[in-house]
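Enquirer: Submitted below is the structure of interest, expressed as structure tokens.
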Amino acid sequence: VAAANSKNSKRTIEIAETILKGDPSNFNALITLSGQLSQTLPTNNPEKDAQIAKTLEVTKKALAQPKHQGVTAAQWNPIQVQLHDTACLMLLNQGKHQDSIAECQAAIKLNPKDGYAWYWIGLSHRSALIDLSKKYNEAVEKYNAGRTNPDQLVVDELRTAMQGAEKVASDKRDETADAFKKAAAIGGEAGKQAEAELQKL
């Protein structure tokens with residue numbers, strides 16, 4: 001607590017890790033370590049990837065701990081939201097978008113006004129949207145290249161594939177926009193970032 005209050009991240013991490021060596025399920029040490037590791041990610045790899053993986057491991061271990069006796073929902077839920085948010089962000093960094101969305105949705109279930117959770121869901125959807133848009137463009141190119149084919153069946157198949165790719169990309173675009181809109185409506189820093197993403201969209 002003293003190290004955390006003095007904003008000495010390195011020392012806080014060292015002490016939390018020392019506590020966990022003697023008491024691997026110490027909840028306070030787990031949530032402290034989760035928070036400190038997530039806030040001090042290195043900028044370069046492989047150090048960054050290693051710390052993301054470590055943060056995720058610690059965070060999931062904290063999430064697996066049962067609620068302590070005497071702890072109220074008002075005390076417990078914000079901690080759970082924080083842990084789910086951390087897991088969501090780490091998974092987003094790893095490119096595991098569906099898992100990231102699931103963690104953010106768990107946070108939103110506890111706090112529907114979690115703007116960052118909605119924003120990160122939007123980012124996960126946007127990553128998928130980029131890939132789906134590429135697939136749609138490829139389908140358009142194939143259709144345009146083959147539309148003069150004398151075999152009408154081939155042309156119809158190319159058109160169907162293009163329309164299918166368009167529908168999937170369009171649906172994903174709507175999901176992406178919806179998440180960003182929810183973050184923007186909640187406001188705060190996450191809302192500002194979501195507004196910027198909506199403009200790009």
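Quick note on naming: the chains in the structure tokens go A, B, ... in the order shown, residues restart at 1 in each chain, and ligands are numbered from 1 in order of appearance.
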For the contact check between range 62-93 of chain A and range 17-40 of chain A, emit one row per residue of range 62-93 of chain A within 10 Å, containing the shortest atom pair and the distance in Å rounded to one decimal, counting only C-alpha atoms, chain then rising number order, as JSON lines.
Expert:
{"residue": "A:Ala62", "atom": "CA", "partner": "A:Leu30", "partner_atom": "CA", "distance": 5.6}
{"residue": "A:Leu63", "atom": "CA", "partner": "A:Ile31", "partner_atom": "CA", "distance": 8.9}
{"residue": "A:Ala64", "atom": "CA", "partner": "A:Ser25", "partner_atom": "CA", "distance": 9.5}
{"residue": "A:Gln65", "atom": "CA", "partner": "A:Phe27", "partner_atom": "CA", "distance": 7.2}
{"residue": "A:Pro66", "atom": "CA", "partner": "A:Phe27", "partner_atom": "CA", "distance": 9.4}
{"residue": "A:Lys67", "atom": "CA", "partner": "A:Phe27", "partner_atom": "CA", "distance": 9.7}
{"residue": "A:His68", "atom": "CA", "partner": "A:Phe27", "partner_atom": "CA", "distance": 9.4}
{"residue": "A:Ile79", "atom": "CA", "partner": "A:Ile31", "partner_atom": "CA", "distance": 8.0}
{"residue": "A:Gln80", "atom": "CA", "partner": "A:Ile31", "partner_atom": "CA", "distance": 9.5}
{"residue": "A:Gln82", "atom": "CA", "partner": "A:Gly35", "partner_atom": "CA", "distance": 8.4}
{"residue": "A:Leu83", "atom": "CA", "partner": "A:Ile31", "partner_atom": "CA", "distance": 7.4}
{"residue": "A:Thr86", "atom": "CA", "partner": "A:Ser38", "partner_atom": "CA", "distance": 6.9}
{"residue": "A:Ala87", "atom": "CA", "partner": "A:Ser34", "partner_atom": "CA", "distance": 9.2}
{"residue": "A:Leu89", "atom": "CA", "partner": "A:Ser38", "partner_atom": "CA", "distance": 8.7}
{"residue": "A:Met90", "atom": "CA", "partner": "A:Ser38", "partner_atom": "CA", "distance": 7.8}
Enquirer: Quick one: write out the picked residues with N, CA and C atoms as a PDB file, in the first residue's frame?
Expert:
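Final file, again07.pdb:
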ATOM      1  N   ALA A  62      -7.131 -13.621 -10.334  1.00  0.00           N
ATOM      2  CA  ALA A  62      -7.902 -12.760  -9.422  1.00  0.00           C
ATOM      3  C   ALA A  62      -9.397 -12.942  -9.648  1.00  0.00           C
ATOM      4  N   LEU A  63      -9.801 -13.038 -10.903  1.00  0.00           N
ATOM      5  CA  LEU A  63     -11.219 -13.210 -11.226  1.00  0.00           C
ATOM      6  C   LEU A  63     -11.758 -14.552 -10.732  1.00  0.00           C
ATOM      7  N   ALA A  64     -10.866 -15.532 -10.588  1.00  0.00           N
ATOM      8  CA  ALA A  64     -11.294 -16.863 -10.143  1.00  0.00           C
ATOM      9  C   ALA A  64     -11.503 -16.932  -8.626  1.00  0.00           C
ATOM     10  N   GLN A  65     -11.078 -15.886  -7.906  1.00  0.00           N
ATOM     11  CA  GLN A  65     -11.206 -15.897  -6.444  1.00  0.00           C
ATOM     12  C   GLN A  65     -12.667 -15.670  -6.036  1.00  0.00           C
ATOM     13  N   PRO A  66     -13.129 -16.397  -5.022  1.00  0.00           N
ATOM     14  CA  PRO A  66     -14.511 -16.199  -4.542  1.00  0.00           C
ATOM     15  C   PRO A  66     -14.645 -14.894  -3.767  1.00  0.00           C
ATOM     16  N   LYS A  67     -15.864 -14.381  -3.717  1.00  0.00           N
ATOM     17  CA  LYS A  67     -16.124 -13.162  -2.952  1.00  0.00           C
ATOM     18  C   LYS A  67     -15.941 -13.452  -1.467  1.00  0.00           C
ATOM     19  N   HIS A  68     -15.209 -12.579  -0.818  1.00  0.00           N
ATOM     20  CA  HIS A  68     -14.932 -12.770   0.604  1.00  0.00           C
ATOM     21  C   HIS A  68     -16.193 -12.530   1.436  1.00  0.00           C
ATOM     22  N   ILE A  79     -14.471  -3.872  -8.275  1.00  0.00           N
ATOM     23  CA  ILE A  79     -13.207  -4.608  -8.423  1.00  0.00           C
ATOM     24  C   ILE A  79     -13.318  -5.599  -9.574  1.00  0.00           C
ATOM     25  N   GLN A  80     -14.470  -6.278  -9.647  1.00  0.00           N
ATOM     26  CA  GLN A  80     -14.687  -7.235 -10.736  1.00  0.00           C
ATOM     27  C   GLN A  80     -14.711  -6.530 -12.099  1.00  0.00           C
ATOM     28  N   GLN A  82     -13.154  -3.761 -12.856  1.00  0.00           N
ATOM     29  CA  GLN A  82     -11.769  -3.389 -13.158  1.00  0.00           C
ATOM     30  C   GLN A  82     -10.994  -4.581 -13.713  1.00  0.00           C
ATOM     31  N   LEU A  83     -11.166  -5.753 -13.103  1.00  0.00           N
ATOM     32  CA  LEU A  83     -10.449  -6.947 -13.548  1.00  0.00           C
ATOM     33  C   LEU A  83     -10.908  -7.393 -14.933  1.00  0.00           C
ATOM     34  N   THR A  86      -9.443  -5.042 -17.455  1.00  0.00           N
ATOM     35  CA  THR A  86      -8.027  -5.329 -17.691  1.00  0.00           C
ATOM     36  C   THR A  86      -7.863  -6.537 -18.602  1.00  0.00           C
ATOM     37  N   ALA A  87      -8.626  -7.598 -18.326  1.00  0.00           N
ATOM     38  CA  ALA A  87      -8.567  -8.800 -19.169  1.00  0.00           C
ATOM     39  C   ALA A  87      -8.978  -8.469 -20.592  1.00  0.00           C
ATOM     40  N   LEU A  89      -8.752  -5.593 -22.190  1.00  0.00           N
ATOM     41  CA  LEU A  89      -7.721  -4.803 -22.870  1.00  0.00           C
ATOM     42  C   LEU A  89      -6.513  -5.656 -23.240  1.00  0.00           C
ATOM     43  N   MET A  90      -6.112  -6.553 -22.355  1.00  0.00           N
ATOM     44  CA  MET A  90      -4.962  -7.423 -22.648  1.00  0.00           C
ATOM     45  C   MET A  90      -5.281  -8.358 -23.820  1.00  0.00           C
TER      46      MET A  90
END
Enquirer: State, in Å with one decimal place, the distance from CA of Gly187 in chain A to CA of Gly115 in chain A.
Expert: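 Taking CA of Gly187 in chain A as the start and CA of Gly115 in chain A as the end point, the length is 7.0 Å.
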Enquirer: Can you work out the spacing between CA of Thr43 in chain A and CA of Cys104 in chain A in Å, to one decimal?
Expert: 23.6 Å
Enquirer: Set the distance at 12 Å and use only C-alpha atoms: which residues neighbour Asp171 in chain A once local chain neighbours fewer than 5 positions away are removed? I'd like the list as a PDB file with all heavy atoms, in the first residue's frame.
Expert:
ATOM      1  N   HIS A 125     -14.546  -5.136 -32.753  1.00  0.00           N
ATOM      2  CA  HIS A 125     -15.384  -5.265 -33.945  1.00  0.00           C
ATOM      3  C   HIS A 125     -14.715  -4.604 -35.154  1.00  0.00           C
ATOM      4  O   HIS A 125     -14.783  -5.119 -36.266  1.00  0.00           O
ATOM      5  CB  HIS A 125     -16.753  -4.614 -33.702  1.00  0.00           C
ATOM      6  CG  HIS A 125     -17.683  -5.425 -32.866  1.00  0.00           C
ATOM      7  ND1 HIS A 125     -17.843  -6.787 -33.025  1.00  0.00           N
ATOM      8  CD2 HIS A 125     -18.525  -5.065 -31.861  1.00  0.00           C
ATOM      9  CE1 HIS A 125     -18.734  -7.231 -32.166  1.00  0.00           C
ATOM     10  NE2 HIS A 125     -19.164  -6.209 -31.440  1.00  0.00           N
ATOM     11  N   ARG A 126     -14.070  -3.457 -34.927  1.00  0.00           N
ATOM     12  CA  ARG A 126     -13.430  -2.734 -36.033  1.00  0.00           C
ATOM     13  C   ARG A 126     -12.313  -3.565 -36.660  1.00  0.00           C
ATOM     14  O   ARG A 126     -12.151  -3.573 -37.887  1.00  0.00           O
ATOM     15  CB  ARG A 126     -12.850  -1.413 -35.526  1.00  0.00           C
ATOM     16  CG  ARG A 126     -12.350  -0.509 -36.653  1.00  0.00           C
ATOM     17  CD  ARG A 126     -11.481   0.608 -36.134  1.00  0.00           C
ATOM     18  NE  ARG A 126     -10.262   0.072 -35.550  1.00  0.00           N
ATOM     19  CZ  ARG A 126      -9.326   0.813 -34.983  1.00  0.00           C
ATOM     20  NH1 ARG A 126      -9.476   2.116 -34.883  1.00  0.00           N
ATOM     21  NH2 ARG A 126      -8.242   0.266 -34.478  1.00  0.00           N
ATOM     22  N   ALA A 128     -12.186  -6.809 -36.822  1.00  0.00           N
ATOM     23  CA  ALA A 128     -12.850  -7.820 -37.655  1.00  0.00           C
ATOM     24  C   ALA A 128     -13.414  -7.182 -38.920  1.00  0.00           C
ATOM     25  O   ALA A 128     -13.373  -7.777 -40.007  1.00  0.00           O
ATOM     26  CB  ALA A 128     -13.959  -8.496 -36.863  1.00  0.00           C
ATOM     27  N   LEU A 129     -13.924  -5.958 -38.792  1.00  0.00           N
ATOM     28  CA  LEU A 129     -14.503  -5.248 -39.931  1.00  0.00           C
ATOM     29  C   LEU A 129     -13.464  -5.004 -41.018  1.00  0.00           C
ATOM     30  O   LEU A 129     -13.764  -5.114 -42.216  1.00  0.00           O
ATOM     31  CB  LEU A 129     -15.103  -3.917 -39.478  1.00  0.00           C
ATOM     32  CG  LEU A 129     -15.680  -3.006 -40.563  1.00  0.00           C
ATOM     33  CD1 LEU A 129     -16.818  -3.702 -41.302  1.00  0.00           C
ATOM     34  CD2 LEU A 129     -16.162  -1.695 -39.951  1.00  0.00           C
ATOM     35  N   LEU A 132     -13.135  -8.204 -42.911  1.00  0.00           N
ATOM     36  CA  LEU A 132     -14.348  -8.485 -43.693  1.00  0.00           C
ATOM     37  C   LEU A 132     -14.478  -7.537 -44.888  1.00  0.00           C
ATOM     38  O   LEU A 132     -14.963  -7.937 -45.953  1.00  0.00           O
ATOM     39  CB  LEU A 132     -15.581  -8.368 -42.794  1.00  0.00           C
ATOM     40  CG  LEU A 132     -15.709  -9.442 -41.710  1.00  0.00           C
ATOM     41  CD1 LEU A 132     -16.852  -9.115 -40.764  1.00  0.00           C
ATOM     42  CD2 LEU A 132     -15.905 -10.823 -42.333  1.00  0.00           C
ATOM     43  N   SER A 133     -14.033  -6.303 -44.716  1.00  0.00           N
ATOM     44  CA  SER A 133     -14.071  -5.335 -45.817  1.00  0.00           C
ATOM     45  C   SER A 133     -13.112  -5.755 -46.937  1.00  0.00           C
ATOM     46  O   SER A 133     -13.420  -5.608 -48.124  1.00  0.00           O
ATOM     47  CB  SER A 133     -13.700  -3.938 -45.314  1.00  0.00           C
ATOM     48  OG  SER A 133     -14.665  -3.478 -44.394  1.00  0.00           O
ATOM     49  N   GLY A 164     -23.102 -11.799 -50.344  1.00  0.00           N
ATOM     50  CA  GLY A 164     -22.941 -12.388 -49.018  1.00  0.00           C
ATOM     51  C   GLY A 164     -21.848 -11.679 -48.223  1.00  0.00           C
ATOM     52  O   GLY A 164     -22.018 -11.373 -47.038  1.00  0.00           O
ATOM     53  N   ALA A 165     -20.735 -11.401 -48.896  1.00  0.00           N
ATOM     54  CA  ALA A 165     -19.621 -10.708 -48.239  1.00  0.00           C
ATOM     55  C   ALA A 165     -20.017  -9.292 -47.851  1.00  0.00           C
ATOM     56  O   ALA A 165     -19.622  -8.791 -46.794  1.00  0.00           O
ATOM     57  CB  ALA A 165     -18.401 -10.683 -49.168  1.00  0.00           C
ATOM     58  N   GLU A 166     -20.840  -8.659 -48.694  1.00  0.00           N
ATOM     59  CA  GLU A 166     -21.306  -7.306 -48.402  1.00  0.00           C
ATOM     60  C   GLU A 166     -22.200  -7.301 -47.153  1.00  0.00           C
ATOM     61  O   GLU A 166     -22.089  -6.431 -46.289  1.00  0.00           O
ATOM     62  CB  GLU A 166     -22.080  -6.741 -49.586  1.00  0.00           C
ATOM     63  CG  GLU A 166     -22.594  -5.333 -49.347  1.00  0.00           C
ATOM     64  CD  GLU A 166     -23.417  -4.794 -50.514  1.00  0.00           C
ATOM     65  OE1 GLU A 166     -23.921  -5.606 -51.301  1.00  0.00           O
ATOM     66  OE2 GLU A 166     -23.549  -3.576 -50.613  1.00  0.00           O
ATOM     67  N   THR A 176     -20.032  -2.446 -34.949  1.00  0.00           N
ATOM     68  CA  THR A 176     -18.925  -1.573 -34.570  1.00  0.00           C
ATOM     69  C   THR A 176     -19.444  -0.189 -34.207  1.00  0.00           C
ATOM     70  O   THR A 176     -19.089   0.369 -33.162  1.00  0.00           O
ATOM     71  CB  THR A 176     -17.916  -1.456 -35.736  1.00  0.00           C
ATOM     72  OG1 THR A 176     -17.527  -2.755 -36.160  1.00  0.00           O
ATOM     73  CG2 THR A 176     -16.676  -0.676 -35.321  1.00  0.00           C
ATOM     74  N   ALA A 177     -20.278   0.352 -35.066  1.00  0.00           N
ATOM     75  CA  ALA A 177     -20.832   1.689 -34.828  1.00  0.00           C
ATOM     76  C   ALA A 177     -21.677   1.719 -33.564  1.00  0.00           C
ATOM     77  O   ALA A 177     -21.611   2.677 -32.786  1.00  0.00           O
ATOM     78  CB  ALA A 177     -21.672   2.124 -36.035  1.00  0.00           C
ATOM     79  N   ASP A 178     -22.449   0.664 -33.327  1.00  0.00           N
ATOM     80  CA  ASP A 178     -23.315   0.612 -32.145  1.00  0.00           C
ATOM     81  C   ASP A 178     -22.492   0.673 -30.860  1.00  0.00           C
ATOM     82  O   ASP A 178     -22.838   1.396 -29.918  1.00  0.00           O
ATOM     83  CB  ASP A 178     -24.149  -0.674 -32.177  1.00  0.00           C
ATOM     84  CG  ASP A 178     -25.127  -0.755 -31.012  1.00  0.00           C
ATOM     85  OD1 ASP A 178     -25.972   0.152 -30.890  1.00  0.00           O
ATOM     86  OD2 ASP A 178     -25.042  -1.714 -30.228  1.00  0.00           O
TER      87      ASP A 178
END
Enquirer: Would you mind writing down, as an NGL selection string, each residue of chain A that DSSP on the backbone assigns to alpha helix (DSSP H)?
Expert: :A and (2-5 or 9-22 or 27-39 or 47-63 or 73-93 or 97-110 or 115-146 or 152-186 or 188-200)
Enquirer: Got a sec: who's within 8 Å of Leu92 in chain A, counting only C-alpha atoms, leaving out chain neighbours fewer than 4 positions off, as a list in words?
Expert: Cys88, Lys96, His97, Ser100, Trp120 and Ser124 of chain A
Enquirer: Could you give me, as a list of chain:residue names, the residues within 9 Å of Ala53 in chain A, counting only C-alpha atoms and dropping anything in the same chain fewer than 5 positions from it?
Expert: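 Listing them by chain and then by number gives A:Lys48, A:Val58, A:Met90, A:Leu91, A:Gln94.
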Enquirer: Selection from above, C-alpha atoms, as a short mmCIF file (atom, residue, chain, number, x, y, z; two decimals), in the first residue's frame, can you write it?
Expert:
data_model
loop_
_atom_site.label_atom_id
_atom_site.label_comp_id
_atom_site.auth_asym_id
_atom_site.auth_seq_id
_atom_site.Cartn_x
_atom_site.Cartn_y
_atom_site.Cartn_z
CA LYS A 48 5.48 -6.02 -24.09
CA VAL A 58 -2.65 -12.66 -12.86
CA MET A 90 -4.96 -7.42 -22.65
CA LEU A 91 -6.89 -9.81 -24.92
CA GLN A 94 -3.25 -10.03 -28.21
#
Enquirer: By how many Å are CA of Asn137 in chain A and CA of Leu201 in chain A apart?
Expert: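 If I compute the distance from CA of Asn137 in chain A to CA of Leu201 in chain A, I get 16.6 Å.
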